[in-house]
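With compact mmCIF, C-alpha atoms inside, this is coords-v6.txt:
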# COMPACT_ATOMS: atom_id res chain seq x y z
CA MET U 115 -13.96 -1.38 -29.06
CA LYS U 116 -13.86 -5.08 -28.36
CA THR U 117 -11.49 -6.39 -25.73
CA ASP U 118 -9.71 -9.67 -25.86
CA ARG U 119 -10.00 -12.76 -23.82
CA ILE U 120 -6.82 -13.20 -21.82
CA VAL U 121 -5.29 -16.19 -20.07
CA ILE U 122 -4.38 -15.61 -16.44
CA THR U 123 -2.37 -17.90 -14.21
CA ALA U 124 -2.38 -17.19 -10.49
CA THR U 125 -2.22 -19.04 -7.21
CA ILE U 126 -5.71 -18.91 -5.77
CA ASN U 127 -6.31 -20.30 -2.29
CA GLY U 128 -3.05 -22.23 -2.50
CA GLU U 129 -3.74 -23.81 -5.86
CA GLU U 130 -2.28 -22.68 -9.18
CA ARG U 131 -5.17 -21.87 -11.49
CA THR U 132 -5.18 -20.93 -15.14
CA PHE U 133 -8.35 -19.34 -16.42
CA LEU U 134 -9.76 -17.30 -19.24
CA ALA U 135 -11.04 -13.81 -18.47
CA ASP U 136 -12.16 -10.76 -20.36
CA GLU U 137 -9.45 -8.12 -20.43
CA ARG U 138 -11.89 -5.66 -18.83
CA ASP U 139 -12.84 -7.97 -15.94
CA SER U 140 -12.21 -6.81 -12.42
CA LEU U 141 -10.65 -9.39 -10.13
CA LEU U 142 -14.05 -9.65 -8.43
CA GLU U 143 -15.77 -10.45 -11.75
CA ALA U 144 -13.11 -13.00 -12.65
CA LEU U 145 -13.35 -14.73 -9.27
CA ARG U 146 -17.12 -14.93 -9.35
CA GLU U 147 -17.90 -15.44 -13.03
CA ARG U 148 -14.83 -17.15 -14.49
CA ILE U 149 -13.64 -19.30 -11.58
CA GLY U 150 -16.91 -19.79 -9.69
CA LEU U 151 -15.60 -18.50 -6.38
CA THR U 152 -18.66 -16.56 -5.28
CA GLY U 153 -17.57 -15.91 -1.70
CA ALA U 154 -16.38 -12.39 -2.44
CA LYS U 155 -19.49 -10.26 -2.84
CA GLU U 156 -20.29 -7.28 -5.00
CA GLY U 157 -21.64 -4.63 -2.66
CA CYS U 158 -20.89 -1.11 -3.86
CA ASN U 159 -18.49 -2.03 -6.69
CA ASN U 160 -16.57 1.18 -6.00
CA GLY U 161 -14.25 0.48 -3.08
CA ASN U 162 -16.40 1.70 -0.23
CA CYS U 163 -17.97 -1.38 1.35
CA GLY U 164 -15.29 -4.09 1.55
CA ALA U 165 -17.67 -6.97 0.72
CA CYS U 166 -15.31 -8.04 -2.09
CA ALA U 167 -12.14 -7.99 0.05
CA VAL U 168 -9.47 -10.56 -0.81
CA ILE U 169 -5.80 -10.86 0.05
CA LEU U 170 -3.57 -10.20 -2.96
CA ASP U 171 0.15 -10.90 -2.57
CA GLY U 172 -0.16 -10.56 1.21
CA ARG U 173 -2.16 -7.31 1.25
CA LEU U 174 -5.84 -6.76 1.80
CA VAL U 175 -7.48 -5.28 -1.31
CA ASN U 176 -10.97 -4.65 -2.64
CA SER U 177 -11.19 -7.02 -5.58
CA CYS U 178 -13.62 -4.67 -7.35
CA CYS U 179 -10.76 -2.17 -7.55
CA VAL U 180 -8.25 -4.60 -9.07
CA MET U 181 -8.12 -5.60 -12.72
CA ALA U 182 -8.12 -9.38 -13.17
CA ALA U 183 -5.11 -9.01 -15.48
CA GLU U 184 -3.12 -7.53 -12.60
CA VAL U 185 -3.04 -10.84 -10.70
CA GLN U 186 -1.08 -12.64 -13.42
CA GLY U 187 1.60 -14.55 -11.49
CA GLY U 188 0.20 -13.38 -8.16
CA THR U 189 -1.30 -14.99 -5.10
CA VAL U 190 -4.92 -14.52 -4.07
CA THR U 191 -6.72 -15.67 -0.93
CA THR U 192 -10.51 -15.50 -0.85
CA VAL U 193 -12.90 -16.50 1.93
CA GLU U 194 -13.04 -19.96 0.35
CA GLY U 195 -9.36 -20.37 1.29
CA LEU U 196 -9.85 -19.91 5.03
CA ALA U 197 -11.33 -23.21 6.21
CA THR U 198 -9.75 -26.63 5.80
CA PRO U 199 -11.85 -29.69 4.90
CA GLU U 200 -11.60 -30.66 8.58
CA ALA U 201 -12.40 -27.41 10.34
CA LEU U 202 -13.55 -23.85 10.03
CA HIS U 203 -10.93 -21.14 10.46
CA PRO U 204 -10.92 -19.85 14.07
CA LEU U 205 -12.32 -16.55 12.74
CA GLN U 206 -15.24 -18.35 11.12
CA GLN U 207 -15.85 -20.33 14.30
CA ALA U 208 -15.75 -17.16 16.39
CA PHE U 209 -18.18 -15.40 14.03
CA LEU U 210 -20.62 -18.26 14.57
CA GLU U 211 -20.17 -18.43 18.34
CA ASP U 212 -20.38 -14.67 18.81
CA ALA U 213 -23.28 -14.21 16.38
CA ALA U 214 -21.18 -11.77 14.37
CA LEU U 215 -23.40 -11.93 11.32
CA GLN U 216 -27.02 -11.54 10.40
CA CYS U 217 -27.77 -11.34 6.68
CA GLY U 218 -24.23 -12.46 5.88
CA ILE U 219 -23.41 -10.47 2.78
CA CYS U 220 -20.60 -8.53 4.44
CA THR U 221 -19.26 -11.60 6.22
CA PRO U 222 -16.81 -12.91 3.59
CA GLY U 223 -15.21 -9.47 3.36
CA PHE U 224 -15.01 -9.12 7.12
CA LEU U 225 -13.50 -12.59 7.49
CA VAL U 226 -10.84 -11.95 4.86
CA ALA U 227 -10.08 -8.48 6.25
CA ALA U 228 -9.86 -9.91 9.76
CA LYS U 229 -7.55 -12.67 8.53
CA ALA U 230 -5.28 -10.05 6.99
CA LEU U 231 -5.36 -8.16 10.30
CA LEU U 232 -4.34 -11.23 12.30
CA ASP U 233 -1.68 -12.14 9.72
CA HIS U 234 -0.05 -8.75 10.35
CA HIS U 235 -1.03 -8.15 13.99
CA PRO U 236 -1.78 -11.43 15.79
CA ARG U 237 -2.89 -9.64 18.97
CA PRO U 238 -4.63 -6.44 17.90
CA THR U 239 -6.16 -4.04 20.38
CA GLU U 240 -9.84 -3.26 19.98
CA HIS U 241 -8.86 0.14 18.58
CA GLU U 242 -6.52 -1.46 16.01
CA ALA U 243 -9.20 -3.95 14.99
CA ARG U 244 -11.81 -1.21 14.54
CA PHE U 245 -9.43 0.97 12.54
CA TRP U 246 -8.32 -1.96 10.34
CA LEU U 247 -11.91 -3.03 9.64
CA ALA U 248 -13.23 0.50 9.03
CA GLY U 249 -13.35 -0.23 5.29
CA ASN U 250 -15.87 -3.05 5.77
CA LEU U 251 -19.48 -2.01 6.11
CA CYS U 252 -22.19 -4.02 7.88
CA ARG U 253 -25.76 -2.77 8.02
CA CYS U 254 -27.08 -5.42 10.43
CA THR U 255 -24.98 -6.18 13.48
CA GLY U 256 -23.64 -2.78 14.43
CA TYR U 257 -20.01 -3.99 14.49
CA ASP U 258 -19.61 -4.72 18.21
CA LYS U 259 -20.21 -8.44 17.77
CA ILE U 260 -17.87 -8.54 14.78
CA ILE U 261 -15.08 -6.85 16.71
CA ARG U 262 -15.67 -9.16 19.69
CA ALA U 263 -15.46 -12.21 17.42
CA VAL U 264 -12.22 -11.01 15.83
CA LEU U 265 -10.62 -10.39 19.23
CA ASN U 266 -11.84 -13.76 20.52
CA ALA U 267 -10.40 -15.49 17.45
CA ALA U 268 -7.09 -13.68 18.04
CA ASP U 269 -7.09 -15.00 21.63
CA GLU U 270 -7.93 -18.49 20.42
CA MET U 271 -5.21 -18.49 17.77
CA SER U 272 -2.57 -17.05 20.10
CA ASN U 273 -3.29 -19.72 22.65
CA GLY U 274 -1.87 -22.20 20.17
CA ARG U 275 -4.86 -24.13 18.97
CA MET C 43 -16.99 -1.80 -17.46
CA GLN C 44 -16.23 -0.04 -20.73
CA PRO C 45 -13.88 -2.12 -22.89
CA VAL C 46 -10.40 -1.52 -21.62
CA LYS C 47 -7.06 -3.01 -22.56
CA TYR C 48 -4.35 -3.79 -20.04
CA GLN C 49 -0.59 -3.86 -20.41
CA ARG C 50 2.24 -4.09 -17.91
CA ALA C 51 5.24 -1.83 -18.27
CA THR C 52 8.50 -2.80 -16.60
CA THR C 53 10.52 0.35 -17.39
CA VAL C 54 9.68 4.03 -17.43
CA ALA C 55 10.60 4.21 -21.12
CA GLU C 56 8.24 1.35 -21.93
CA ALA C 57 5.42 3.05 -20.01
CA VAL C 58 5.97 6.30 -21.91
CA ARG C 59 5.85 4.42 -25.21
CA LEU C 60 2.70 2.48 -24.29
CA LEU C 61 0.93 5.59 -22.99
CA GLN C 62 1.86 7.52 -26.11
CA GLU C 63 0.62 4.70 -28.36
CA GLY C 64 -2.52 4.47 -26.26
CA GLY C 65 -3.26 8.14 -26.81
CA GLU C 66 -5.72 10.41 -25.10
CA TYR C 67 -7.71 7.74 -23.29
CA ALA C 68 -4.79 5.70 -21.95
CA ARG C 69 -4.11 5.96 -18.21
CA PRO C 70 -1.32 4.72 -15.98
CA LEU C 71 -2.63 2.17 -13.48
CA ALA C 72 -1.16 2.32 -9.99
CA GLY C 73 -3.50 1.32 -7.15
CA GLY C 74 -6.56 1.68 -9.36
CA THR C 75 -8.80 2.76 -6.50
CA ASP C 76 -9.95 5.78 -8.49
CA VAL C 77 -9.32 4.98 -12.16
CA ILE C 78 -10.82 1.48 -12.19
CA VAL C 79 -14.02 2.77 -10.59
CA GLN C 80 -14.09 5.75 -12.97
CA ALA C 81 -13.66 3.47 -15.99
CA ARG C 82 -16.46 1.22 -14.77
CA GLU C 83 -18.81 4.09 -14.05
CA ARG C 84 -17.73 5.94 -17.21
CA ARG C 85 -16.87 9.00 -15.20
CA ARG C 86 -13.65 9.17 -17.19
CA GLU C 87 -13.16 7.97 -20.75
CA ILE C 88 -10.49 5.27 -20.38
CA ASP C 89 -9.73 2.52 -22.89
CA TYR C 90 -6.25 1.44 -21.88
CA PHE C 91 -4.50 0.81 -18.56
CA VAL C 92 -0.72 0.77 -18.47
CA ASP C 93 0.20 -0.92 -15.19
CA ILE C 94 3.18 0.94 -13.75
CA LYS C 95 3.57 -1.14 -10.57
CA HIS C 96 6.12 -3.45 -12.16
CA ILE C 97 8.54 -0.59 -12.77
CA PRO C 98 10.89 -0.96 -9.78
CA GLU C 99 11.54 2.74 -9.10
CA LEU C 100 7.79 3.49 -9.14
CA MET C 101 7.41 1.24 -6.07
CA HIS C 102 10.44 2.39 -4.06
CA VAL C 103 10.85 4.85 -1.20
CA ARG C 104 14.41 6.15 -1.62
CA HIS C 105 15.97 8.17 1.19
CA ASP C 106 19.12 10.22 0.59
CA ALA C 107 21.05 12.95 2.39
CA ASN C 108 18.77 15.73 1.12
CA GLY C 109 15.33 14.19 1.29
CA VAL C 110 13.16 11.36 0.06
CA THR C 111 11.88 10.31 -3.35
CA ILE C 112 8.65 8.34 -3.17
CA GLY C 113 7.76 6.31 -6.24
CA ALA C 114 4.44 7.46 -7.66
CA ALA C 115 2.83 4.01 -7.22
CA VAL C 116 4.03 3.30 -3.67
CA PRO C 117 0.92 2.39 -1.66
CA CYS C 118 -0.09 4.44 1.39
CA TYR C 119 0.70 1.71 3.92
CA LEU C 120 4.36 1.74 2.92
CA ILE C 121 4.46 5.51 3.36
CA TYR C 122 2.99 5.78 6.86
CA GLY C 123 4.81 2.54 7.66
CA ASP C 124 8.21 4.08 6.86
CA ALA C 125 9.82 5.10 10.17
CA GLU C 126 11.99 7.80 8.56
CA ILE C 127 8.96 9.38 6.84
CA VAL C 128 6.96 9.33 10.08
CA LYS C 129 9.86 11.03 11.89
CA THR C 130 10.86 13.60 9.28
CA TRP C 131 7.65 14.24 7.30
CA PRO C 132 4.86 13.43 9.80
CA ALA C 133 2.36 15.54 7.83
CA LEU C 134 2.63 12.97 5.06
CA ALA C 135 1.88 10.17 7.50
CA ASP C 136 -1.08 12.22 8.84
CA ALA C 137 -2.69 12.15 5.39
CA THR C 138 -1.75 8.71 4.05
CA HIS C 139 -2.94 7.07 7.26
CA VAL C 140 -6.55 8.15 6.74
CA ILE C 141 -6.99 7.80 2.97
CA GLY C 142 -9.68 5.13 2.68
CA GLY C 143 -9.59 1.96 4.77
CA THR C 144 -7.00 -0.80 4.97
CA ALA C 145 -7.88 -2.27 1.56
CA ILE C 146 -7.52 1.12 -0.11
CA GLN C 147 -4.27 1.90 1.68
CA GLY C 148 -2.85 -1.38 0.39
CA ARG C 149 -3.08 -0.01 -3.15
CA ALA C 150 -3.71 3.74 -3.28
CA SER C 151 -0.66 5.91 -3.98
CA LEU C 152 0.49 9.53 -3.83
CA GLY C 153 0.87 9.56 -7.60
CA GLY C 154 -2.68 8.34 -8.03
CA ASN C 155 -4.12 10.80 -5.52
CA LEU C 156 -2.25 13.64 -7.23
CA CYS C 157 -3.14 12.66 -10.81
CA ASN C 158 -6.79 12.03 -9.92
CA SER C 159 -6.67 15.75 -9.03
CA SER C 160 -9.76 15.77 -6.86
CA PRO C 161 -10.35 19.12 -5.12
CA ALA C 162 -10.83 17.07 -1.93
CA ALA C 163 -7.71 14.88 -2.32
CA ASP C 164 -6.29 14.23 1.13
CA SER C 165 -2.60 13.97 0.33
CA ILE C 166 -2.33 17.07 -1.86
CA PRO C 167 -2.53 19.83 0.80
CA ALA C 168 -0.03 17.82 2.86
CA MET C 169 2.32 17.58 -0.13
CA ILE C 170 1.90 21.30 -0.88
CA ALA C 171 2.67 22.17 2.73
CA LEU C 172 5.84 20.09 2.48
CA GLY C 173 6.87 21.80 -0.75
CA ALA C 174 6.74 18.54 -2.70
CA VAL C 175 7.67 18.35 -6.39
CA ALA C 176 6.23 15.89 -8.90
CA HIS C 177 8.67 14.32 -11.33
CA ILE C 178 7.03 13.85 -14.72
CA VAL C 179 8.27 11.78 -17.65
CA GLY C 180 6.79 11.89 -21.14
CA PRO C 181 7.51 11.66 -24.86
CA LYS C 182 9.33 15.02 -24.78
CA GLY C 183 11.49 14.17 -21.81
CA GLU C 184 11.38 14.88 -18.10
CA ARG C 185 10.16 17.84 -16.08
CA ASP C 186 9.50 18.76 -12.47
CA VAL C 187 6.30 20.50 -11.39
CA PRO C 188 5.63 21.64 -7.82
CA VAL C 189 2.58 19.83 -6.43
CA ALA C 190 1.16 23.31 -5.67
CA GLU C 191 0.97 23.98 -9.43
CA PHE C 192 -0.10 20.51 -10.61
CA CYS C 193 -3.92 20.55 -10.49
CA THR C 194 -5.76 22.83 -12.92
CA SER C 195 -9.47 22.08 -12.32
CA PRO C 196 -11.52 19.22 -10.82
CA GLY C 197 -10.02 15.98 -12.15
CA ARG C 198 -7.61 17.83 -14.46
CA ASN C 199 -3.93 18.63 -14.24
CA VAL C 200 -0.83 19.66 -16.18
CA LEU C 201 -0.09 16.21 -17.65
CA GLY C 202 -0.06 15.95 -21.44
CA VAL C 203 -0.71 12.84 -23.57
CA GLY C 204 1.91 10.19 -22.81
CA GLU C 205 3.13 11.95 -19.68
CA PHE C 206 2.94 10.41 -16.22
CA VAL C 207 4.23 11.10 -12.73
CA THR C 208 7.06 8.76 -11.75
CA ALA C 209 7.88 10.07 -8.27
CA ILE C 210 7.24 12.75 -5.68
CA ARG C 211 10.26 14.45 -4.17
CA PHE C 212 10.33 15.84 -0.62
CA ALA C 213 13.33 17.89 0.48
CA LYS C 214 14.54 17.45 4.04
CA PRO C 215 12.77 20.04 6.20
CA GLU C 216 14.82 23.01 7.41
CA PRO C 217 15.88 22.97 11.07
CA GLY C 218 13.22 24.55 13.25
CA SER C 219 10.40 23.66 10.90
CA GLY C 220 7.30 21.53 11.29
CA ALA C 221 4.27 20.57 9.24
CA ALA C 222 0.88 19.03 9.92
CA TRP C 223 -2.25 17.97 8.07
CA GLN C 224 -5.80 17.21 9.15
CA ARG C 225 -9.23 16.85 7.61
CA PHE C 226 -12.76 17.19 8.90
CA ILE C 227 -15.23 14.39 8.18
CA PRO C 228 -18.54 13.66 9.91
CA ARG C 229 -17.57 10.08 10.81
CA ASN C 230 -14.39 8.66 12.29
CA GLU C 231 -12.97 6.87 9.23
CA MET C 232 -13.49 6.23 5.57
CA ASP C 233 -14.93 9.45 4.27
CA ILE C 234 -14.08 12.21 1.85
CA ALA C 235 -12.96 15.49 3.39
CA VAL C 236 -15.48 18.24 4.00
CA VAL C 237 -12.37 20.40 4.33
CA ASN C 238 -8.72 19.51 4.84
CA ALA C 239 -5.68 21.63 5.58
CA GLY C 240 -1.90 21.31 5.49
CA VAL C 241 0.47 23.80 7.11
CA TYR C 242 4.26 24.19 7.13
CA LEU C 243 6.06 26.57 9.47
CA ARG C 244 9.68 27.45 10.13
CA LEU C 245 10.27 29.10 13.46
CA ASP C 246 13.18 31.10 14.85
CA ARG C 247 12.39 31.03 18.57
CA ASN C 248 8.78 32.22 18.36
CA THR C 249 9.11 34.21 15.14
CA VAL C 250 7.74 32.65 11.96
CA ARG C 251 10.40 32.75 9.24
CA ASP C 252 8.59 30.76 6.57
CA ALA C 253 5.09 29.33 6.14
CA ARG C 254 2.93 27.51 3.63
CA VAL C 255 -0.80 26.95 4.00
CA ALA C 256 -2.94 24.77 1.70
CA ILE C 257 -6.62 23.88 2.09
CA GLY C 258 -8.67 21.30 0.24
CA ALA C 259 -12.32 20.73 -0.76
CA VAL C 260 -12.97 24.48 -0.81
CA ALA C 261 -12.17 25.35 -4.44
CA PRO C 262 -11.90 23.67 -7.88
CA THR C 263 -8.36 22.60 -6.94
CA PRO C 264 -6.48 22.16 -3.68
CA LEU C 265 -5.83 25.77 -2.74
CA VAL C 266 -2.57 27.42 -1.77
CA VAL C 267 -3.26 30.39 0.50
CA PRO C 268 -0.32 32.83 0.36
CA GLU C 269 -2.35 35.40 2.33
CA ALA C 270 -2.44 33.01 5.29
CA ALA C 271 1.31 32.50 5.09
CA GLN C 272 1.85 36.28 4.85
CA ALA C 273 -0.20 36.75 8.01
CA LEU C 274 2.40 34.65 9.83
CA VAL C 275 5.81 35.31 8.28
CA GLY C 276 7.99 37.79 10.16
CA LYS C 277 5.63 37.86 13.12
CA ALA C 278 5.65 36.26 16.52
CA LEU C 279 3.36 33.28 16.71
CA SER C 280 0.44 34.34 18.90
CA ASP C 281 -3.30 33.80 19.16
CA GLN C 282 -3.73 37.01 17.13
CA THR C 283 -1.41 36.06 14.25
CA ILE C 284 -2.83 32.55 14.14
CA ALA C 285 -6.37 33.96 14.01
CA ALA C 286 -5.33 36.35 11.22
CA ALA C 287 -3.99 33.40 9.21
CA GLY C 288 -7.21 31.49 9.86
CA ASP C 289 -9.25 34.46 8.68
CA ALA C 290 -7.12 34.63 5.52
CA ALA C 291 -7.82 30.96 4.81
CA LYS C 292 -11.54 31.53 5.37
CA ALA C 293 -11.47 34.52 3.01
CA ALA C 294 -9.59 32.55 0.32
CA ALA C 295 -11.94 29.55 0.43
CA ARG C 296 -14.54 29.57 -2.32
CA PRO C 297 -16.39 26.32 -1.68
CA ILE C 298 -19.61 24.89 -3.04
CA ASP C 299 -22.63 23.45 -1.26
CA ASP C 300 -22.89 19.70 -1.70
CA MET C 301 -23.98 16.60 0.21
CA ARG C 302 -20.82 16.73 2.35
CA GLY C 303 -21.07 20.28 3.58
CA SER C 304 -22.36 23.78 3.02
CA VAL C 305 -20.47 26.86 1.90
CA LYS C 306 -20.83 28.32 5.39
CA GLN C 307 -19.56 25.21 7.15
CA ARG C 308 -16.62 24.85 4.76
CA ARG C 309 -15.57 28.46 5.18
CA HIS C 310 -15.77 28.06 8.95
CA LEU C 311 -13.77 24.81 8.82
CA SER C 312 -11.11 26.45 6.63
CA LYS C 313 -10.37 28.81 9.52
CA VAL C 314 -10.61 26.18 12.27
CA LEU C 315 -8.41 23.61 10.54
CA THR C 316 -5.85 26.17 9.40
CA GLU C 317 -5.49 27.48 12.97
CA ARG C 318 -5.24 23.98 14.43
CA MET C 319 -2.64 22.93 11.90
CA ILE C 320 -0.59 26.07 12.54
CA ARG C 321 -0.52 25.12 16.21
CA ARG C 322 0.35 21.51 15.52
CA ALA C 323 3.03 22.45 12.98
CA ALA C 324 4.50 24.83 15.58
CA GLU C 325 4.56 22.04 18.17
CA ARG C 326 6.40 19.84 15.71
CA ALA C 327 8.78 22.66 14.81
CA ARG C 328 9.65 22.87 18.50
CA GLY C 329 10.11 19.13 18.67
CA GLN C 330 7.02 18.60 20.78
CA GLY C 331 4.73 16.84 18.40

Can you turn what I pasted into C-alpha cells?
Amino acid sequence: MKTDRIVITATINGEERTFLADERDSLLEALRERIGLTGAKEGCNNGNCGACAVILDGRLVNSCCVMAAEVQGGTVTTVEGLATPEALHPLQQAFLEDAALQCGICTPGFLVAAKALLDHHPRPTEHEARFWLAGNLCRCTGYDKIIRAVLNAADEMSNGR
Amino acid sequence: MQPVKYQRATTVAEAVRLLQEGGEYARPLAGGTDVIVQARERRREIDYFVDIKHIPELMHVRHDANGVTIGAAVPCYLIYGDAEIVKTWPALADATHVIGGTAIQGRASLGGNLCNSSPAADSIPAMIALGAVAHIVGPKGERDVPVAEFCTSPGRNVLGVGEFVTAIRFAKPEPGSGAAWQRFIPRNEMDIAVVNAGVYLRLDRNTVRDARVAIGAVAPTPLVVPEAAQALVGKALSDQTIAAAGDAAKAAARPIDDMRGSVKQRRHLSKVLTERMIRRAAERARGQG
C-alpha cells in the first residue's frame, strides 16, 4: 500500500512552518529529513534512549514515538530552539563548562529533556533531575557531569541571568 | 516504517466508524509508545492509525461520588499527578510513575498499556488489584470488561474489529481497604518488569475480609491468583498467612526463561513481591502508607 504525502503546519522553535511529509513519517523523520532540523538524533528508534527527545505542546516526548501527522497545529521545540543568535542557552553553556558531553550524540536529547525539567521544576533536587533524565542514555560520561551541569544551569537561571 | 495511514477522530462515534472502515489492521493511536514502534519494526501488522487523543473524554480524568473514570488515552503523568488519584488509588500512582521515563510518561496511557496486552505490562496488575473495569465501544455498541479478564495471550485481548477501550473505571475503595503495586527490575529506572505484583486488601481490624492478588511477567497474560487471595480471606493477617499467600503466588506463576530473568528467579520474586505488597496494602488499609 502506498501512503500519501501530507501537508503539516506546526509551530517549530517559535516559527510557524508548513511542510510536506510522508504519512508514515515519524516526527523524528519529518524533523530531520523534511525540515532539515538534524539536532534530534536517531539512537534506538524505539523509545528507549531519548536521543530524539523534543518538547511537543509543553511535554517532553521521544520524537521517534510520535507520528509527524500528530503535530498538525501543535508546537514543537527541538534543540535548535534553545539558543538565541546572541547566546547559548544556560543549559548549553553549563554542558560546555562542566564537560557534560563526550561524543555528543545524546546531548541534544539531554538538553531538551533538561529544558523540559527546568520548565516544570526550576529548582530540581539531584534526585528529581536523575529521575527526570532516566529516559536519556549516555554511554560516555557516566551521567554525573550531566546532572551537575543541569543543576548548575538551574542555579544560574534562578539567579536571574 | 510500513505504509500507514493516519486520521484524527474527534468523537467516539467517529473513531468507531474509522476503525471499522480500517478493518483488521487499523489501530487506535493514543501515546503511540508501543504501537508506533511495533508498526515500524513490523512486530504488529498495522496499516492505519486512528488518533483518539482529540476525543475530549478520552483525555479526561473524571472524579465522581463513586469513583474515577480515566480516559483511555490520558498520559501517565496526569494520572500520578492527580492528587485525588494519589490519595485514593495510590497503587495506580505506584505503577504509572515508573512506566518508562519522562518522555514515555508524557504520552503512554492506561488504555494503551492494557490494549498492548503485554504479559509484563506494569499497570495491569495494579488495575486488576483495584478491580478496574475497561469500557469498550464498538460497532455493536458498548460493553464493560473487567481488566482481570481483558488479556487473552501475549499481545492479544478481547477486542474485536472496530472496538476500542474508551475509559477505565475505578470504584472508590471500601473503607478499611488498601492496595499496592511494585515491580522488580535490575536497574533503578526504565526497564521492563522481571516480575510485578499488585495486591488489594480489605481489613476488619486485623482480619482480611477481601483480597485480590495479581502478578505480571510470569505467564502469557497478567495473572490473577485467587489461591493467594483465599490464603488471606477470613484469616488474621500474620507472617504465616502472608507467607501462605506468597507461596500460592509462587505456585501459580508459570514463567519462562528469557534475557530478563530465569524461571527460578521469577517464581521466587512472585512470592517476595506478593508478600511485600500484602504488607504495604495492609499499611495503606490502616492509613499508614

- Mind checking which residues fall within 10 Å of C:Ile170, counting all atoms listed in the file, ignoring those fewer than 4 positions away in the same chain, and posting them as a list in words?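 My list of contacting residues is Ser165, Ile166, Ala174, Val175, Pro188, Val189, Ala190, Glu191, Phe192, Ala239, Gly240, Val241, Tyr242, Arg254, Val255, Ala256, Ile257, Pro264, Leu265 and Val266 of chain C.
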
Env of stretch 188-202 of chain U: 8 Å cut, atoms = all atoms listed in the file, seq-sep filter 4 positions within chain, self excluded. Answer as JSON, numbers by chain. {"U": [123, 124, 125, 126, 127, 128, 151, 153, 154, 167, 168, 169, 170, 171, 172, 206, 207, 222, 223, 225, 226]}

Give me, as a PyMOL selection string, the contact residues of chain U against chain C at a cut-off of 6 Å, counting only C-alpha atoms.
-> chain U and resi 117+138+160+174-176+179+246+248-249

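Neighbourhood of point (5.6, 33.2, 12.3): residues with an atom at most 7 Å away, counting all atoms listed in the file, are Leu245, Asn248, Thr249, Val250, Arg251, Asp252, Leu274, Val275, Gly276, Lys277, Ala278 and Leu279 of chain C.
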
Could you write out that same residue set with C-alpha atoms as a tab-separated table (two decimals), keeping the file's coordinate frame?
chain	number	residue	atom	x	y	z
C	245	LEU	CA	10.27	29.10	13.46
C	248	ASN	CA	8.78	32.22	18.36
C	249	THR	CA	9.11	34.21	15.14
C	250	VAL	CA	7.74	32.65	11.96
C	251	ARG	CA	10.40	32.75	9.24
C	252	ASP	CA	8.59	30.76	6.57
C	274	LEU	CA	2.40	34.65	9.83
C	275	VAL	CA	5.81	35.31	8.28
C	276	GLY	CA	7.99	37.79	10.16
C	277	LYS	CA	5.63	37.86	13.12
C	278	ALA	CA	5.65	36.26	16.52
C	279	LEU	CA	3.36	33.28	16.71

Show me, as a PyMOL selection string, the residues that have an atom within 10 Å of U:Asp233 when counting all atoms listed in the file, minus same-chain residues fewer than 5 positions from it. chain U and resi 172-173+227-228

Just C-alpha atoms for this one: save the residues we selected as a short mmCIF file (atom, residue, chain, number, x, y, z; two decimals), in the frame of the given file.
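Result file follows (part_32.cif):
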data_model
loop_
_atom_site.label_atom_id
_atom_site.label_comp_id
_atom_site.auth_asym_id
_atom_site.auth_seq_id
_atom_site.Cartn_x
_atom_site.Cartn_y
_atom_site.Cartn_z
CA GLY U 172 -0.16 -10.56 1.21
CA ARG U 173 -2.16 -7.31 1.25
CA ALA U 227 -10.08 -8.48 6.25
CA ALA U 228 -9.86 -9.91 9.76
#

### Task
Place a sphere of radius 6 Å on (6.6, 14.8, -11.5) in the file coordinates and name every protein, DNA or RNA residue with an atom inside or on its surface, counting all atoms listed in the file; give the answer as a list of chain:residue names.
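Protein and nucleic acid residues near the point are C:Ala176, C:His177, C:Ile178, C:Asp186, C:Val187, C:Val207, C:Ala209.
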
- Message: Considering all atoms listed in the file, can you say which of U:Thr152, U:Asn159, U:Gln186, U:Asn266 comes closest to U:Phe133?
- Response: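 Ranked by minimum distance to U:Phe133, first place goes to U:Gln186.
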
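Using only C-alpha atoms for every distance, the candidate list C:Arg296, C:Ala168, C:Glu325, C:Leu315 yields C:Ala168 as the residue closest to C:Asn155.
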
Emit as JSON the padded axis-aligned box for all listed atoms of stretch 262-273 of chain U, 5 Å per side, with centre and edge lengths in Å to one decimal.
{"center_x": -9.1, "center_y": -14.4, "center_z": 19.2, "size_x": 23.1, "size_y": 20.6, "size_z": 16.8}

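Residues in contact range of C:Val237, defined as at most 10 Å between all atoms listed in the file, with sequence neighbours fewer than 4 positions away removed, read Pro161, Ala162, Ala163, Asp164, Gln224, Arg225, Phe226, Ile227, Ile257, Gly258, Ala259, Val260, Ala295, Pro297, Arg302, Gly303, Gln307, Arg308, Arg309, His310, Leu311, Ser312, Val314 and Leu315 of chain C.
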
* To do: Write out as a PyMOL selection string the residues lying within 12 Å of U:Glu270, counting all atoms listed in the file and excluding same-chain residues fewer than 3 positions away.
  => chain U and resi 203-208+232+236-237+263-267+273-275

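Note that atom CA of C:His105 and atom CA of C:Arg321 are 28.0 Å apart.
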
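In this model, the gap between atom CA of C:Val179 and atom CA of C:Leu152 comes to 16.0 Å.
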
- Record the distance separating atom CA of C:Val103 and atom CA of C:Cys157, expressed in Å with one decimal.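 That distance, rounded to one decimal, is 18.7 Å.
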
Under the rule that only C-alpha atoms are counted, which of C:Thr52, C:Thr130, C:Ser219, C:Asn158 is the nearest residue to C:Pro196?
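Ranking C:Thr52, C:Thr130, C:Ser219, C:Asn158 by distance to C:Pro196, first place goes to C:Asn158.
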
With distances taken over all atoms listed in the file, the candidate from U:Ile149, U:Ala230, U:Leu210, U:Ala144 nearest U:Ser177 is U:Ala144

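Considering only C-alpha atoms, the residue among C:Ala270, C:Val236, C:Ile210, C:Ile112 positioned nearest to C:Asp299 is C:Val236.
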